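Read the structure below first, then the notes.
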Amino acid sequence: MTAFTLETRNEKTISGALTLVMHLLFFALLVFGVAWQKQEPVAMVAELWSNLPAPKAAPPPPKVEPEPPKPQPKAEAKPVPKVEPKPAPKPDIALREKKEKALKAKEQELAEKKKREEQARLEALKQQQAKEAEAMRLAREQDEALRKLAQSQAAAQAKLVDEYKYRIQEKIKRFVIEPPNLPKTAQVEFDVVLLPGGDVLSVKLRKSSALAAYDSAVERAILKAQPLPLPPDPAMFKEFRELNLIFRPE
């Protein structure tokens, strides 16, 4: 109970002191305000000038200093990567690699040699084929030339045979004595065998003219006309050994 009473008394004392201080401050503020309002204004003095002074030159504008360039950031040099030296190959590995390289070089050399030999073989085969083709061409040309020559010779020989057969018949006709009243359509055919000199070996009637007198007259003329004319080349006698001759009235 005593403690509570003591605390109440102290609070009242403090409250009273604070109230007194506030009143004093208010009073002082009131006195200061009144004194400030009663202060007289200070008189102002003005000077008159006959000539106006020259106006002061305006100060130059302040010089603007350019901003210093900003320092460029330095490029940091990248560290050079350190090249690690390759470890020296072991003797066994180095020897094996050396053998492998030598083997590969030898295989490559053999392959190139085989390739050159194959190219040479193909070139030789090509040349051989070209020679054979040329030989075949020449052979064909020669055969063609011989064939043409044979044809030409055969034609010339046939012409010569026909020419001498005509001569033989013309010589025989000069010795034919035709019987009277011989029709122009009469025709007789004989097979004549000659000897190399042109003499007649045999005469055989192959087809009669149906007129015995005309047949006999022609047969006698064949025998009288010998030796019959033959080509000078003895090799052509085979074309005249056996003749088939046909006669008609003149």
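In the structure tokens, chains take letters A, B, ... by order of appearance, with residues numbered from 1 within each chain and ligands from 1 in the order shown.
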>> Taking 3 positions as the minimum chain separation for residues in the same chain, which residues sit within 12 Å of stretch 184-195 of chain A when counting only C-alpha atoms? Answer as a ChimeraX atom specification.
In response: /A:165,168-169,172,178-181,198-223,226-230,234,237-250
Hey, can you spit out that residue selection with N, CA and C atoms as a compact mmCIF listing (two decimals), in the first residue's frame?
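What follows is the written file out21.txt:
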# COMPACT_ATOMS: atom_id res chain seq x y z
N LYS A 165 34.62 -70.64 -181.02
CA LYS A 165 33.53 -71.52 -181.46
C LYS A 165 32.87 -70.94 -182.71
N ILE A 168 35.12 -71.69 -185.55
CA ILE A 168 35.03 -73.10 -185.97
C ILE A 168 33.79 -73.32 -186.82
N GLN A 169 32.65 -72.80 -186.35
CA GLN A 169 31.41 -73.00 -187.13
C GLN A 169 31.48 -72.30 -188.50
N ILE A 172 33.51 -74.44 -190.82
CA ILE A 172 32.78 -75.64 -191.25
C ILE A 172 31.71 -75.26 -192.27
N GLU A 178 24.74 -77.44 -199.34
CA GLU A 178 23.34 -77.66 -198.98
C GLU A 178 22.58 -78.32 -200.13
N PRO A 179 21.72 -79.28 -199.83
CA PRO A 179 20.88 -79.91 -200.86
C PRO A 179 19.82 -78.92 -201.34
N PRO A 180 19.28 -79.14 -202.56
CA PRO A 180 18.25 -78.22 -203.08
C PRO A 180 16.96 -78.34 -202.26
N ASN A 181 16.21 -77.23 -202.33
CA ASN A 181 14.90 -77.14 -201.65
C ASN A 181 15.04 -77.35 -200.11
N GLY A 198 43.73 -79.50 -183.25
CA GLY A 198 42.55 -79.01 -183.96
C GLY A 198 41.96 -80.07 -184.88
N ASP A 199 42.62 -81.27 -184.98
CA ASP A 199 42.06 -82.34 -185.81
C ASP A 199 40.84 -82.93 -185.11
N VAL A 200 39.94 -83.50 -185.93
CA VAL A 200 38.69 -84.08 -185.42
C VAL A 200 38.95 -85.53 -185.08
N LEU A 201 38.65 -85.87 -183.83
CA LEU A 201 38.79 -87.26 -183.40
C LEU A 201 37.53 -88.05 -183.71
N SER A 202 36.37 -87.42 -183.48
CA SER A 202 35.11 -88.12 -183.76
C SER A 202 34.02 -87.08 -183.99
N VAL A 203 32.99 -87.55 -184.78
CA VAL A 203 31.81 -86.71 -185.04
C VAL A 203 30.59 -87.57 -184.78
N LYS A 204 29.63 -87.08 -183.96
CA LYS A 204 28.44 -87.85 -183.63
C LYS A 204 27.21 -86.97 -183.78
N LEU A 205 26.20 -87.50 -184.54
CA LEU A 205 24.96 -86.77 -184.72
C LEU A 205 24.16 -86.81 -183.41
N ARG A 206 23.85 -85.68 -182.92
CA ARG A 206 23.09 -85.63 -181.65
C ARG A 206 21.61 -85.40 -181.91
N LYS A 207 21.32 -84.52 -182.87
CA LYS A 207 19.93 -84.24 -183.20
C LYS A 207 19.84 -83.99 -184.70
N SER A 208 19.01 -84.82 -185.39
CA SER A 208 18.90 -84.73 -186.85
C SER A 208 17.97 -83.60 -187.24
N SER A 209 18.18 -83.13 -188.45
CA SER A 209 17.30 -82.09 -189.03
C SER A 209 16.10 -82.71 -189.73
N ALA A 210 16.01 -84.05 -189.69
CA ALA A 210 14.95 -84.80 -190.41
C ALA A 210 15.19 -84.80 -191.91
N LEU A 211 16.34 -84.29 -192.33
CA LEU A 211 16.73 -84.33 -193.75
C LEU A 211 18.11 -84.98 -193.80
N ALA A 212 18.15 -86.24 -194.24
CA ALA A 212 19.40 -87.00 -194.23
C ALA A 212 20.45 -86.35 -195.11
N ALA A 213 20.06 -85.77 -196.21
CA ALA A 213 21.02 -85.14 -197.13
C ALA A 213 21.71 -83.96 -196.44
N TYR A 214 20.92 -83.16 -195.68
CA TYR A 214 21.52 -81.99 -194.97
C TYR A 214 22.42 -82.45 -193.83
N ASP A 215 21.99 -83.56 -193.14
CA ASP A 215 22.82 -84.08 -192.04
C ASP A 215 24.17 -84.58 -192.57
N SER A 216 24.14 -85.30 -193.67
CA SER A 216 25.38 -85.82 -194.25
C SER A 216 26.27 -84.71 -194.78
N ALA A 217 25.69 -83.68 -195.35
CA ALA A 217 26.46 -82.56 -195.89
C ALA A 217 27.21 -81.83 -194.75
N VAL A 218 26.58 -81.69 -193.63
CA VAL A 218 27.24 -81.01 -192.48
C VAL A 218 28.35 -81.88 -191.92
N GLU A 219 28.11 -83.21 -191.84
CA GLU A 219 29.13 -84.10 -191.27
C GLU A 219 30.37 -84.11 -192.16
N ARG A 220 30.16 -84.12 -193.49
CA ARG A 220 31.31 -84.11 -194.39
C ARG A 220 32.06 -82.79 -194.27
N ALA A 221 31.35 -81.69 -194.06
CA ALA A 221 32.00 -80.38 -193.94
C ALA A 221 32.87 -80.31 -192.67
N ILE A 222 32.41 -80.95 -191.58
CA ILE A 222 33.21 -80.95 -190.32
C ILE A 222 34.54 -81.65 -190.55
N LEU A 223 34.51 -82.74 -191.24
CA LEU A 223 35.74 -83.49 -191.48
C LEU A 223 36.67 -82.77 -192.45
N GLN A 226 38.88 -79.65 -190.94
CA GLN A 226 40.01 -79.83 -190.02
C GLN A 226 41.34 -79.53 -190.70
N PRO A 227 42.30 -79.03 -189.95
CA PRO A 227 42.25 -78.74 -188.49
C PRO A 227 41.43 -77.47 -188.19
N LEU A 228 40.62 -77.58 -187.19
CA LEU A 228 39.75 -76.46 -186.79
C LEU A 228 40.58 -75.44 -185.99
N PRO A 229 40.22 -74.18 -186.05
CA PRO A 229 40.99 -73.13 -185.34
C PRO A 229 40.81 -73.23 -183.81
N LEU A 230 41.93 -73.11 -183.08
CA LEU A 230 41.93 -73.15 -181.61
C LEU A 230 42.73 -71.96 -181.07
N PRO A 234 47.59 -73.27 -174.87
CA PRO A 234 47.22 -74.69 -174.74
C PRO A 234 46.33 -74.96 -173.52
N PHE A 237 42.62 -75.50 -174.20
CA PHE A 237 42.12 -76.59 -175.04
C PHE A 237 41.01 -77.38 -174.38
N LYS A 238 41.02 -77.40 -173.04
CA LYS A 238 39.96 -78.16 -172.34
C LYS A 238 38.58 -77.60 -172.67
N GLU A 239 38.51 -76.34 -173.07
CA GLU A 239 37.23 -75.75 -173.41
C GLU A 239 36.77 -76.17 -174.81
N PHE A 240 37.66 -76.79 -175.58
CA PHE A 240 37.33 -77.14 -176.96
C PHE A 240 37.47 -78.65 -177.23
N ARG A 241 37.82 -79.41 -176.19
CA ARG A 241 37.97 -80.85 -176.43
C ARG A 241 36.66 -81.46 -176.91
N GLU A 242 35.57 -81.12 -176.27
CA GLU A 242 34.25 -81.63 -176.68
C GLU A 242 33.37 -80.46 -177.02
N LEU A 243 32.93 -80.40 -178.26
CA LEU A 243 32.12 -79.28 -178.74
C LEU A 243 30.73 -79.77 -179.11
N ASN A 244 29.77 -78.90 -178.83
CA ASN A 244 28.41 -79.14 -179.29
C ASN A 244 28.12 -78.05 -180.31
N LEU A 245 27.94 -78.49 -181.59
CA LEU A 245 27.78 -77.53 -182.69
C LEU A 245 26.39 -77.68 -183.29
N ILE A 246 25.79 -76.52 -183.55
CA ILE A 246 24.43 -76.46 -184.14
C ILE A 246 24.55 -75.69 -185.47
N PHE A 247 23.90 -76.26 -186.51
CA PHE A 247 23.97 -75.63 -187.85
C PHE A 247 22.57 -75.42 -188.38
N ARG A 248 22.43 -74.28 -189.07
CA ARG A 248 21.17 -73.94 -189.75
C ARG A 248 21.53 -73.48 -191.18
N PRO A 249 20.57 -73.56 -192.08
CA PRO A 249 20.87 -73.11 -193.46
C PRO A 249 21.21 -71.64 -193.48
N GLU A 250 21.99 -71.25 -194.48
CA GLU A 250 22.38 -69.85 -194.66
C GLU A 250 21.18 -69.05 -195.16
> Could you pull out the alpha helix (DSSP H) residues of stretch 145-215 of chain A from DSSP and send them as a ChimeraX atom specification?
Replying inline: /A:145-173,212-215
> At what distance in Å, to one decimal, does atom CA of A:Glu109 lie from atom CA of A:Arg96?
Replying inline: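 Result for atom CA of A:Arg96 versus atom CA of A:Glu109: 19.8 Å, one decimal.
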> Using only C-alpha atoms, which of the listed residues (A:Met236, A:Leu30, A:Ala225, A:Leu103) sits closest to A:Val176?
Replying inline: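 Counting only C-alpha atoms, the residue closest to A:Val176 is A:Ala225.
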>> DSSP on the backbone, strand (DSSP E) only: what residues of stretch 141-220 of chain A does that give? Format it as a list in words.
In response: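 Those residues are Val188, Glu189, Phe190, Asp191, Val192, Val193, Leu194, Val200, Leu201, Ser202, Val203, Lys204, Leu205, Arg206 and Lys207 of chain A.
Pairwise distance (atom CA of A:Glu112, atom CA of A:Lys126) equals 20.7 Å.
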> atom CA of A:Lys12 and atom CA of A:Ala28 are how many Å apart?
Replying inline: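 A separation of 24.9 Å between them.
For the set A:Ile14, A:Leu25, A:Pro231, A:Lys115, the residue with the smallest atom-to-atom gap to A:Arg167 is A:Pro231, counting only C-alpha atoms.
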